[in-house]
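As structure tokens, the structure follows; a few thoughts come after it.
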Amino acid sequence: MNVTTLALSSRLGAMCALAAFAASPAFASSINYGDFNDYGGGGVVDYQDVTESSSTDAIPLYGVPEVDVNTLDFDPLAFGSNASNGVLEITDGQLNFMFETLPGTGIRSLTVREGGDYTIVGGTPPTTSVNAGIFAEVLVTEVDGIALTPANQFTVIGSNSAVFTTPGLSIPWQLGLLLEFGPALSANNFGPMSAVTAGEFVLNNTLVATSQAGSLSFIAKKDFNITPSGPLDPDNVIPEPTAAVLAALAFAGLAARRR
């Protein structure tokens, strides 16, 4: 992020705080979409209790997700923010879920990607602009298939933002965030081959539109997804013991005792 972007981000933070304070009425509802995985398609990650909420807008904003292999994918239809004639508007959507991987697999990072389009007519930057921001946090609760005690759990946090000021109609935009678990695993004395196998995820995704007299701005999110990476090859999955295998082991144990 360059110096200009940092300055604009600071201005955005102040404007967001004012908009959040002025927002009325307050929205505090949530939608739990349930659990999602693609085990039949080669996926190894189970997303549990996928829930969205918002303190600024009526929901849904993200909508019902789908899972393509391991990617949790949303196609938002109503996640946007617009402003005109000196008005500022902020739209904030929160996303929560828990995740775990199949035995023998794990993940080393999560990548958040989003995109859409924006429109700016009139005004001068940065007073008339559109903005997008991502804040994400993962509480790691299990490593290498071993549950961590509350005292040993640790958090990985990341954020990214962008300000768009080019005037025009339906201009595409994109933003991404990478949460890497490797440094945190090393800092907590796990080996270089260790991977996260369960955790709790929370994300706040923000769109802001600002304007001046005689200008308008609009930004919409059209695509949003979360993709894990790491030892996700389903060929590495350790299968759960079947009834036949358990019976064979029991028979072998009885035979050994008789001998």
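FYI, nothing fancy with the structure tokens labels: chains A, B, ... in order, residues from 1 per chain, ligands from 1 as they appear.
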Skipping near chain neighbours, those fewer than 5 positions away, what residues fall within 8 Å of A:Gly182 using only C-alpha atoms, listed as a ChimeraX atom specification? /A:108-109,192,195
May I have the residues from that selection written out with C-alpha atoms, as a PDB file, in the first residue's frame?
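Below is the file out_4.pdb, written as the result:
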```pdb
ATOM      1  CA  ARG A 108      -1.492 -23.443   5.843  1.00  0.00           C
ATOM      2  CA  SER A 109      -3.363 -20.347   4.658  1.00  0.00           C
ATOM      3  CA  PRO A 192       7.588 -26.677   9.501  1.00  0.00           C
ATOM      4  CA  ALA A 195      -0.920 -27.518   9.470  1.00  0.00           C
TER       5      ALA A 195
END
```
Shell around A:Gln174 at 10 Å using only C-alpha atoms, local window under 6 positions removed, as a tab-separated table (two decimals) with N, CA, C and O atoms, in the first residue's frame:
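Written out: part-v1.tsv:
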```tsv
chain	number	residue	atom	x	y	z
A	113	ARG	N	-10.88	-13.41	-1.56
A	113	ARG	CA	-10.92	-12.64	-2.81
A	113	ARG	C	-12.32	-12.08	-3.01
A	113	ARG	O	-13.31	-12.76	-2.75
A	114	GLU	N	-12.39	-10.84	-3.49
A	114	GLU	CA	-13.68	-10.23	-3.78
A	114	GLU	C	-13.55	-9.29	-4.96
A	114	GLU	O	-12.45	-8.86	-5.32
A	115	GLY	N	-14.68	-8.98	-5.56
A	115	GLY	CA	-14.66	-8.06	-6.69
A	115	GLY	C	-16.06	-7.66	-7.08
A	115	GLY	O	-17.06	-8.21	-6.60
A	116	GLY	N	-16.14	-6.66	-7.95
A	116	GLY	CA	-17.43	-6.17	-8.41
A	116	GLY	C	-17.22	-5.02	-9.37
A	116	GLY	O	-16.26	-5.03	-10.15
A	117	ASP	N	-18.09	-4.02	-9.29
A	117	ASP	CA	-17.92	-2.84	-10.14
A	117	ASP	C	-18.32	-1.60	-9.37
A	117	ASP	O	-18.99	-1.67	-8.34
A	132	ALA	N	-13.24	-0.12	-0.44
A	132	ALA	CA	-13.51	-1.49	-0.03
A	132	ALA	C	-12.48	-1.90	1.02
A	132	ALA	O	-11.31	-1.54	0.92
A	162	ALA	N	-8.75	-0.67	-0.13
A	162	ALA	CA	-8.43	0.03	-1.36
A	162	ALA	C	-9.41	1.18	-1.55
A	162	ALA	O	-10.57	1.10	-1.14
A	221	LYS	N	-20.49	-5.30	-4.63
A	221	LYS	CA	-19.73	-6.55	-4.58
A	221	LYS	C	-20.53	-7.61	-5.33
A	221	LYS	O	-21.69	-7.87	-5.02
A	223	ASP	N	-18.81	-10.75	-6.37
A	223	ASP	CA	-18.21	-12.06	-6.14
A	223	ASP	C	-17.38	-12.01	-4.86
A	223	ASP	O	-16.71	-11.01	-4.59
A	224	PHE	N	-17.44	-13.09	-4.08
A	224	PHE	CA	-16.69	-13.16	-2.82
A	224	PHE	C	-16.41	-14.62	-2.52
A	224	PHE	O	-17.32	-15.45	-2.53
```
Separation of atom CA of A:Val45 from atom CA of A:Pro103 in Å: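 The value is 10.1 Å.
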Select from stretch 180-225 of chain A everything DSSP, run on the backbone, classes as helix (DSSP H, G or I), then give the selection as a PyMOL selection string. chain A and resi 182-187
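The shortest atom-to-atom distance to A:Leu61, with only C-alpha atoms taken into account, belongs to A:Gly93 out of A:Gly93, A:Gly86, A:Pro150, A:Gly123.
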Neighbour list for stretch 70-75 of chain A as JSON, numbers by chain, cut-off 10 Å, only C-alpha atoms, skip fewer than 3 positions in-chain: {"A": [36, 37, 38, 39, 41, 42, 43, 44, 45, 46, 47, 50, 61, 62, 63, 64, 65, 66, 67, 78, 79, 101, 110, 111, 112, 113, 114, 221, 222, 223, 224, 225, 226, 227, 228, 229, 232]}
Write out as a PyMOL selection string which residues come within 9 Å of stretch 141-146 of chain A when counting only C-alpha atoms, dropping same-chain ones fewer than 2 positions away. chain A and resi 100-106+139+148-150+152-154+185+190+194-200
I'd like the interatomic distance between atom CA of A:Ser29 and atom CA of A:Gly133, to a tenth of an Å.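 A separation of 21.5 Å between them.
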If we count only C-alpha atoms, what is near A:Asn160 at a cut-off of 12 Å, once residues fewer than 4 positions away on the same chain are taken out, given as a ChimeraX atom specification? /A:1,5-6,9,111-114,131-136,174-179,203-206
